[in-house]
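Chemist: Input query.csv, format and content: CSV, C-alpha atoms and all ligand atoms.
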chain,number,residue,atom,x,y,z
T,1,MET,CA,-56.2,14.8,53.8
T,2,ASN,CA,-59.4,12.9,53.0
T,3,VAL,CA,-59.0,9.6,54.7
T,4,TRP,CA,-61.9,8.2,52.8
T,5,ASN,CA,-60.0,8.2,49.6
T,6,ALA,CA,-57.7,5.6,51.1
T,7,VAL,CA,-60.4,3.1,52.0
T,8,SER,CA,-61.0,0.0,50.0
T,9,PRO,CA,-64.0,-2.2,50.6
T,10,LEU,CA,-61.7,-4.7,52.2
T,11,GLN,CA,-60.8,-2.3,54.9
T,12,LYS,CA,-64.3,-1.9,56.3
T,13,CYS,CA,-65.0,-2.9,59.9
T,14,ASP,CA,-66.5,-6.4,60.2
T,15,ASP,CA,-70.0,-6.0,61.6
T,16,THR,CA,-70.7,-9.7,61.3
T,17,LYS,CA,-68.2,-10.4,64.1
T,18,PRO,CA,-69.3,-10.5,67.8
T,19,GLY,CA,-67.7,-7.7,69.8
T,20,LYS,CA,-66.4,-7.4,73.3
T,21,PRO,CA,-68.5,-8.8,76.2
T,22,GLY,CA,-70.5,-5.9,77.6
T,23,ILE,CA,-69.9,-3.7,74.5
T,24,GLU,CA,-70.9,-6.1,71.9
T,25,TYR,CA,-70.9,-3.5,69.1
T,26,ALA,CA,-67.1,-2.8,69.7
T,27,ASP,CA,-64.0,-4.8,69.2
T,28,GLU,CA,-61.8,-2.7,71.3
T,29,SER,CA,-61.7,-0.1,74.1
T,30,TRP,CA,-59.5,2.9,73.8
T,31,ASN,CA,-59.1,5.4,76.7
T,32,PRO,CA,-56.7,8.3,75.9
T,33,TYR,CA,-59.0,10.3,78.2
T,34,THR,CA,-60.6,9.0,81.4
T,35,GLY,CA,-62.7,10.5,84.2
T,36,CYS,CA,-65.7,12.6,84.9
T,37,ARG,CA,-66.6,15.5,87.2
T,38,ASN,CA,-70.2,14.4,87.5
T,39,ILE,CA,-69.6,12.1,90.4
T,40,GLU,CA,-70.3,12.9,94.1
T,41,ASN,CA,-69.6,10.6,97.0
T,42,GLY,CA,-69.3,7.8,94.5
T,43,ASN,CA,-72.6,8.4,92.8
T,44,CYS,CA,-73.3,9.9,89.4
T,45,ASN,CA,-75.3,13.2,89.7
T,46,LEU,CA,-77.5,12.0,86.9
T,47,GLY,CA,-78.7,8.9,88.9
T,48,ALA,CA,-76.8,6.5,86.7
T,49,ASP,CA,-74.8,3.5,88.0
T,50,CYS,CA,-71.2,4.5,87.0
T,51,TRP,CA,-69.2,1.3,86.2
T,52,ALA,CA,-66.3,3.5,85.0
T,53,TYR,CA,-66.0,5.1,88.4
T,54,SER,CA,-65.9,1.7,90.1
T,55,MET,CA,-63.3,0.4,87.6
T,56,ALA,CA,-61.2,3.5,88.1
T,57,GLN,CA,-61.2,2.9,91.9
T,58,ARG,CA,-60.0,-0.6,91.3
T,59,LEU,CA,-57.1,0.7,89.1
T,60,LYS,CA,-56.1,3.6,91.4
T,61,GLY,CA,-52.4,4.2,91.4
T,62,ARG,CA,-51.9,2.0,88.4
T,63,TYR,CA,-52.1,2.3,84.6
T,64,GLY,CA,-52.1,6.1,84.7
T,65,TYR,CA,-55.0,6.4,87.2
T,66,ASP,CA,-54.3,8.9,90.1
T,67,ALA,CA,-53.7,7.2,93.4
T,68,GLU,CA,-55.8,9.8,95.3
T,69,ASP,CA,-58.4,10.7,92.8
T,70,PRO,CA,-58.5,8.1,90.0
T,71,PHE,CA,-61.6,9.4,88.4
T,72,LYS,CA,-60.5,13.0,87.9
T,73,PRO,CA,-60.4,14.0,84.2
T,74,THR,CA,-57.0,12.7,83.0
T,75,PHE,CA,-55.2,12.7,79.7
T,76,HIS,CA,-53.1,9.6,78.8
T,77,PRO,CA,-50.9,10.8,75.9
T,78,ASP,CA,-49.1,7.4,75.9
T,79,ARG,CA,-52.3,5.8,74.7
T,80,LEU,CA,-52.9,8.1,71.7
T,81,ALA,CA,-51.0,6.0,69.2
T,82,ASP,CA,-52.6,2.6,70.2
T,83,PRO,CA,-55.1,2.5,67.3
T,84,LEU,CA,-52.1,3.0,64.9
T,85,LYS,CA,-50.9,-0.4,65.9
T,86,TRP,CA,-54.1,-2.2,65.0
T,87,ARG,CA,-53.7,-3.0,61.3
T,88,LYS,CA,-57.2,-4.3,60.7
T,89,PRO,CA,-60.2,-1.9,61.0
T,90,ARG,CA,-61.7,-2.1,64.4
T,91,ARG,CA,-64.9,-0.8,66.1
T,92,ILE,CA,-63.5,1.2,69.0
T,93,ALA,CA,-65.3,2.3,72.2
T,94,ALA,CA,-63.5,5.6,72.7
T,95,CYS,CA,-63.2,7.2,76.1
T,96,PHE,CA,-65.9,5.1,77.7
T,97,MET,CA,-63.9,5.2,81.0
T,98,GLY,CA,-65.5,8.5,81.9
T,99,ASP,CA,-67.5,11.2,80.1
T,100,ILE,CA,-65.7,13.0,77.3
T,101,ALA,CA,-67.8,16.1,78.0
T,102,TYR,CA,-65.1,17.1,80.6
T,103,CYS,CA,-62.2,16.6,78.2
T,104,PRO,CA,-60.4,20.0,77.6
T,105,TRP,CA,-60.0,21.3,74.1
T,106,GLU,CA,-56.2,20.7,74.0
T,107,TRP,CA,-56.7,17.0,74.8
T,108,LEU,CA,-59.6,16.7,72.5
T,109,TYR,CA,-57.7,18.0,69.5
T,110,ARG,CA,-55.0,15.4,70.0
T,111,ILE,CA,-57.6,12.6,70.3
T,112,LYS,CA,-59.3,13.9,67.2
T,113,ASP,CA,-56.0,13.8,65.3
T,114,THR,CA,-55.7,10.0,65.9
T,115,VAL,CA,-59.4,9.5,64.9
T,116,SER,CA,-58.9,11.6,61.7
T,117,GLY,CA,-55.9,9.5,60.6
T,118,LEU,CA,-53.5,12.3,60.5
T,119,HIS,CA,-50.7,10.1,61.6
T,120,GLU,CA,-48.4,8.8,58.9
T,121,PRO,CA,-49.0,5.0,58.9
T,122,TYR,CA,-52.7,5.4,59.6
T,123,ASP,CA,-54.0,6.2,56.1
T,124,LYS,CA,-54.0,2.4,55.3
T,125,THR,CA,-56.4,1.5,58.1
T,126,ILE,CA,-59.6,3.1,59.0
T,127,HIS,CA,-61.2,2.4,62.4
T,128,ARG,CA,-64.6,3.4,63.6
T,129,PHE,CA,-64.6,5.3,66.9
T,130,TYR,CA,-67.7,5.4,69.1
T,131,PHE,CA,-68.0,8.4,71.4
T,132,LEU,CA,-70.8,8.5,73.9
T,133,THR,CA,-71.9,11.1,76.5
T,134,LYS,CA,-74.6,12.0,79.0
T,135,LEU,CA,-73.7,15.7,78.7
T,136,PRO,CA,-74.0,16.6,75.1
T,137,GLN,CA,-73.8,20.3,75.9
T,138,GLY,CA,-70.0,19.7,76.6
T,139,ASN,CA,-66.9,20.1,74.5
T,140,VAL,CA,-67.2,17.0,72.4
T,141,PHE,CA,-70.4,18.1,70.7
T,142,LYS,CA,-69.3,21.7,70.1
T,143,TYR,CA,-66.2,20.5,68.2
T,144,ARG,CA,-66.5,20.5,64.5
T,145,PRO,CA,-66.0,19.2,62.0
T,146,TRP,CA,-65.7,15.8,63.5
T,147,PRO,CA,-64.0,13.1,61.4
T,148,GLU,CA,-66.5,11.0,59.5
T,149,ASN,CA,-65.4,7.8,61.3
T,150,ALA,CA,-66.3,9.3,64.7
T,151,TRP,CA,-69.8,8.2,65.6
T,152,LEU,CA,-71.3,10.5,68.2
T,153,GLY,CA,-73.8,9.2,70.6
T,154,VAL,CA,-75.9,10.1,73.7
T,155,SER,CA,-77.1,7.9,76.5
T,156,VAL,CA,-80.9,7.9,77.1
T,157,SER,CA,-82.5,5.9,79.8
T,158,SER,CA,-86.0,7.4,80.0
T,159,HIS,CA,-88.1,10.4,79.0
T,160,ARG,CA,-86.1,12.6,81.3
T,161,ASP,CA,-83.1,12.2,79.0
T,162,ILE,CA,-84.8,12.9,75.7
T,163,TRP,CA,-83.3,16.4,75.6
T,164,ARG,CA,-80.0,14.8,74.8
T,165,ILE,CA,-81.3,13.6,71.5
T,166,ARG,CA,-82.3,17.1,70.6
T,167,GLN,CA,-78.8,18.3,71.3
T,168,LEU,CA,-77.3,15.4,69.3
T,169,LYS,CA,-79.4,16.4,66.3
T,170,LYS,CA,-77.7,19.8,66.3
T,171,THR,CA,-74.3,18.3,65.7
T,172,LYS,CA,-72.7,17.8,62.3
T,173,ALA,CA,-71.5,14.2,63.1
T,174,ARG,CA,-71.8,11.9,60.1
T,175,VAL,CA,-73.3,9.2,62.3
T,176,LYS,CA,-75.5,10.1,65.3
T,177,TRP,CA,-76.5,7.3,67.6
T,178,VAL,CA,-78.5,6.9,70.7
T,179,SER,CA,-77.6,4.3,73.4
T,180,PHE,CA,-80.8,3.4,75.2
T,181,GLU,CA,-78.8,1.6,77.8
T,182,PRO,CA,-80.0,0.9,80.4
T,183,VAL,CA,-83.7,1.4,79.6
T,184,GLU,CA,-85.1,2.4,82.9
T,185,GLY,CA,-88.5,3.9,82.1
T,186,PRO,CA,-90.9,4.9,79.3
T,187,MET,CA,-89.6,7.3,76.7
T,188,GLY,CA,-92.7,9.3,76.3
T,189,LYS,CA,-92.8,11.2,73.0
T,190,LEU,CA,-89.8,9.9,71.1
T,191,ASP,CA,-88.6,11.6,67.9
T,192,LEU,CA,-85.7,9.8,66.2
T,193,GLU,CA,-85.8,11.6,62.9
T,194,GLY,CA,-82.2,12.3,61.8
T,195,ILE,CA,-80.7,9.6,64.1
T,196,ASP,CA,-78.6,6.9,62.3
T,197,TRP,CA,-78.4,4.2,64.8
T,198,VAL,CA,-80.0,2.9,68.0
T,199,VAL,CA,-78.6,0.6,70.7
T,200,ILE,CA,-80.8,-0.9,73.4
T,201,GLY,CA,-79.7,-2.6,76.5
T,202,ALA,CA,-80.7,-3.6,80.1
T,203,LYS,CA,-79.4,-2.5,83.4
T,204,THR,CA,-76.3,-4.4,84.5
T,205,GLY,CA,-74.2,-4.5,87.7
T,206,ARG,CA,-75.6,-4.2,91.2
T,207,HIS,CA,-79.1,-3.3,90.1
T,208,LYS,CA,-79.3,-5.4,87.0
T,209,GLY,CA,-82.7,-6.3,85.5
T,210,ALA,CA,-84.7,-6.3,82.3
T,211,PRO,CA,-86.8,-3.3,81.5
T,212,ARG,CA,-90.5,-3.6,80.7
T,213,ARG,CA,-91.0,-5.0,77.3
T,214,LYS,CA,-93.4,-2.2,76.4
T,215,TRP,CA,-90.7,0.4,76.9
T,216,VAL,CA,-88.4,-1.4,74.6
T,217,GLU,CA,-91.1,-2.0,72.0
T,218,THR,CA,-91.7,1.7,71.8
T,219,ILE,CA,-88.1,2.4,71.0
T,220,VAL,CA,-88.0,-0.4,68.4
T,221,ALA,CA,-91.2,0.7,66.8
T,222,THR,CA,-90.1,4.3,66.5
T,223,ALA,CA,-86.7,3.3,65.1
T,224,ALA,CA,-88.3,0.9,62.6
T,225,TRP,CA,-90.7,3.7,61.5
T,226,GLU,CA,-87.7,5.9,60.7
T,227,GLU,CA,-85.8,2.9,59.2
T,228,ILE,CA,-83.0,3.2,61.7
T,229,PRO,CA,-80.8,0.1,62.2
T,230,ILE,CA,-81.2,-1.3,65.7
T,231,PHE,CA,-78.7,-3.2,67.8
T,232,ILE,CA,-80.2,-5.0,70.8
T,233,LYS,CA,-77.7,-6.1,73.4
T,234,PRO,CA,-77.7,-9.7,74.6
T,235,ASN,CA,-78.4,-8.6,78.1
T,236,LEU,CA,-82.1,-8.3,77.1
T,237,PRO,CA,-84.2,-11.4,77.1
T,238,GLY,CA,-83.2,-13.9,74.4
T,239,GLU,CA,-86.3,-13.6,72.2
T,240,TRP,CA,-85.7,-9.8,71.9
T,241,VAL,CA,-82.1,-10.2,70.7
T,242,LEU,CA,-82.0,-12.2,67.6
T,243,PRO,CA,-83.6,-10.1,64.9
T,244,TYR,CA,-81.6,-7.0,65.8
T,245,SER,CA,-77.9,-6.6,65.4
T,246,ASP,CA,-77.8,-4.0,62.7
T,247,TYR,CA,-75.4,-1.1,61.9
T,248,PRO,CA,-75.8,1.9,59.7
T,249,LYS,CA,-74.8,1.2,56.1
T,250,PHE,CA,-73.9,4.0,53.7
T,251,PRO,CA,-73.9,3.7,50.0
T,252,SER,CA,-70.8,5.9,49.7
T,253,PRO,CA,-68.5,4.7,46.9
T,254,GLU,CA,-65.5,5.3,49.3
T,255,GLY,CA,-66.9,2.8,51.8
T,256,SER,CA,-67.8,3.5,55.4
T,257,PRO,CA,-66.2,1.9,58.4
Z,1,LIG,S1,-69.0,8.8,83.5
Z,1,LIG,FE1,-71.2,8.9,83.0
Z,1,LIG,S2,-72.2,7.6,84.6
Z,1,LIG,FE2,-70.1,8.1,85.3
Z,1,LIG,S3,-70.3,9.9,86.6
Z,1,LIG,FE3,-69.8,10.6,84.5
Z,1,LIG,S4,-71.8,11.0,83.6
Z,1,LIG,FE4,-72.2,9.7,85.4
Here is a file; write its structure as C-alpha cells.
Modeler:
Amino acid sequence: MNVWNAVSPLQKCDDTKPGKPGIEYADESWNPYTGCRNIENGNCNLGADCWAYSMAQRLKGRYGYDAEDPFKPTFHPDRLADPLKWRKPRRIAACFMGDIAYCPWEWLYRIKDTVSGLHEPYDKTIHRFYFLTKLPQGNVFKYRPWPENAWLGVSVSSHRDIWRIRQLKKTKARVKWVSFEPVEGPMGKLDLEGIDWVVIGAKTGRHKGAPRRKWVETIVATAAWEEIPIFIKPNLPGEWVLPYSDYPKFPSPEGSP
C-alpha cells in the first residue's frame, strides 16, 4: 500500500504551528519503545546529559517503566496504536525516551507498521515521525526501506560526533536530519551535502548554557550553502531564533507531511 496516494494537501502537518515546549518542531511524543543500554552509573557513556534517563527514574514502577531498572530497553505494545487515534496529521517525536538503536528487530517491525500506516483506519491520516539516535550503527539505520514519513536523524554536539552524519548519509531515509543539540563545541570540517534538515539548540538542564555564537554560525553557514532548511530552537539567544524555523518542503504531487 502506498500511503502517499491517500494524502491530500489538507492532510499535511502544520509547520506554522508552535510545537511542544522543549521539542518545538513536534506536536506530540510517542514512546512505544523506551530505554537505552548506553548508561553507566546514571551517566551516558557518550558524555551527554541524559534527560530520558532522569525522566525514567521519576516514572519507575509506573506507566510501563520497570520498578528496578526503568531505563532498560522496553517495548510498550499498548502504545502502538496511539497515533491512530490522532485524526489530524501530527509531527511526532518517536521513541525519544531512550535510544532506538537498542530496539530489537521484532519490536522495530511493529513500530514501523504503525509509521507505515498499515493499520486499517490510518490511511486517512498521515503523521510525520521523527527518529533520532546517537548510535547510527544500530538497528534503526540498518532497517530498510523506511516509510517516507519517518524522518531519520542523528545527534551531533561537536566535531567528535561528525562520523554520525557520514553514517546517516548511507541510509535510504527520505528525510535525513541532523540535530545539533546541544552545540557543545566547534564542528570542524562540516559536510552537510545530502542532508535535508538541520536543528540547532543549546544545552538545557543542569548544565544549561548557550554555545559560542561562532560554533552556531558555522553550522548555519554550511546549511545555508547547501540550501538546507534550518530550525533554531528558542533556547538559543533571541536574536538567533527568529529567522530560522524552517522545515524541508518537497514538490511531490502527493504532498509530504
Ligand atoms: S538515550 Fe541517548 S543520551 Fe541517554 S544514555 Fe542513551 S545514548 Fe546517552
Chemist: Determine the nearest neighbour of ligand LIG 1 (chain Z) from the options T:Val198, T:Met187, T:Ala48, T:Val178, counting all atoms listed in the file.
Modeler: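 Comparing T:Val198, T:Met187, T:Ala48, T:Val178 against ligand LIG 1 (chain Z), the winner is T:Ala48.
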Chemist: Check which residues fall inside 8 Å of ligand LIG 1 (chain Z) when counting all atoms listed in the file, and print them as a VMD selection string.
Modeler: chain T and resid 35 to 39 43 to 53 96 to 99 133 to 135
Chemist: Write a file of the selected residues as a compact mmCIF listing (two decimals), in the frame of the given file, keeping C-alpha atoms.
Modeler:
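Done, and the output landed in out_19.txt:
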# COMPACT_ATOMS: atom_id res chain seq x y z
CA GLY T 35 -62.70 10.50 84.20
CA CYS T 36 -65.70 12.60 84.90
CA ARG T 37 -66.60 15.50 87.20
CA ASN T 38 -70.20 14.40 87.50
CA ILE T 39 -69.60 12.10 90.40
CA ASN T 43 -72.60 8.40 92.80
CA CYS T 44 -73.30 9.90 89.40
CA ASN T 45 -75.30 13.20 89.70
CA LEU T 46 -77.50 12.00 86.90
CA GLY T 47 -78.70 8.90 88.90
CA ALA T 48 -76.80 6.50 86.70
CA ASP T 49 -74.80 3.50 88.00
CA CYS T 50 -71.20 4.50 87.00
CA TRP T 51 -69.20 1.30 86.20
CA ALA T 52 -66.30 3.50 85.00
CA TYR T 53 -66.00 5.10 88.40
CA PHE T 96 -65.90 5.10 77.70
CA MET T 97 -63.90 5.20 81.00
CA GLY T 98 -65.50 8.50 81.90
CA ASP T 99 -67.50 11.20 80.10
CA THR T 133 -71.90 11.10 76.50
CA LYS T 134 -74.60 12.00 79.00
CA LEU T 135 -73.70 15.70 78.70
Chemist: Please, what distance in Å, to one decimal, runs between atom CA of Asp78 of chain T and atom CA of Ser54 of chain T?
Modeler: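 Distance reported for this atom pair: 22.7 Å.
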Chemist: Which residue is closest to Gly238 of chain T? Choose from T:Leu80, T:Val175, T:Ala210, T:Cys103 and count only C-alpha atoms.
Modeler: T:Ala210
Chemist: Record the distance separating atom CA of Lys17 of chain T and atom CA of Gly205 of chain T, expressed in Å with one decimal.
Modeler: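 It comes out at 25.1 Å.
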Chemist: So how far away is atom CA of Asn31 of chain T from atom CA of Glu68 of chain T, in Å?
Modeler: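 Taking atom CA of Glu68 of chain T as the start and atom CA of Asn31 of chain T as the end point, the length is 19.4 Å.
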Chemist: For a cut-off of 7 Å around (-78.9, 12.5, 70.3), file coordinates, pick out all residues using all atoms listed in the file and list them as a PyMOL selection string.
Modeler: chain T and resi 153-154+164-169+176-178
Chemist: So that I can check the surroundings of Thr204 of chain T, please list as an MDAnalysis selection string every protein, DNA and RNA residue that reaches within 8 Å of it, counting only C-alpha atoms and ignoring chain neighbours fewer than 4 positions away.
Modeler: chainID T and resid 182 208:209 235
Chemist: Give me, as a PyMOL selection string, all polymer residues having an atom no more than 10 Å from Lys189 of chain T, counting only C-alpha atoms and skipping those fewer than 4 positions away in the same chain.
Modeler: chain T and resi 159+162+218+222
Chemist: Counting all atoms listed in the file, figure out which residue out of T:Gly201, T:Pro70, T:Pro237, T:Gly185 gets nearest to Trp215 of chain T.
Modeler: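 For Trp215 of chain T, the nearest of the given residues is T:Gly185.
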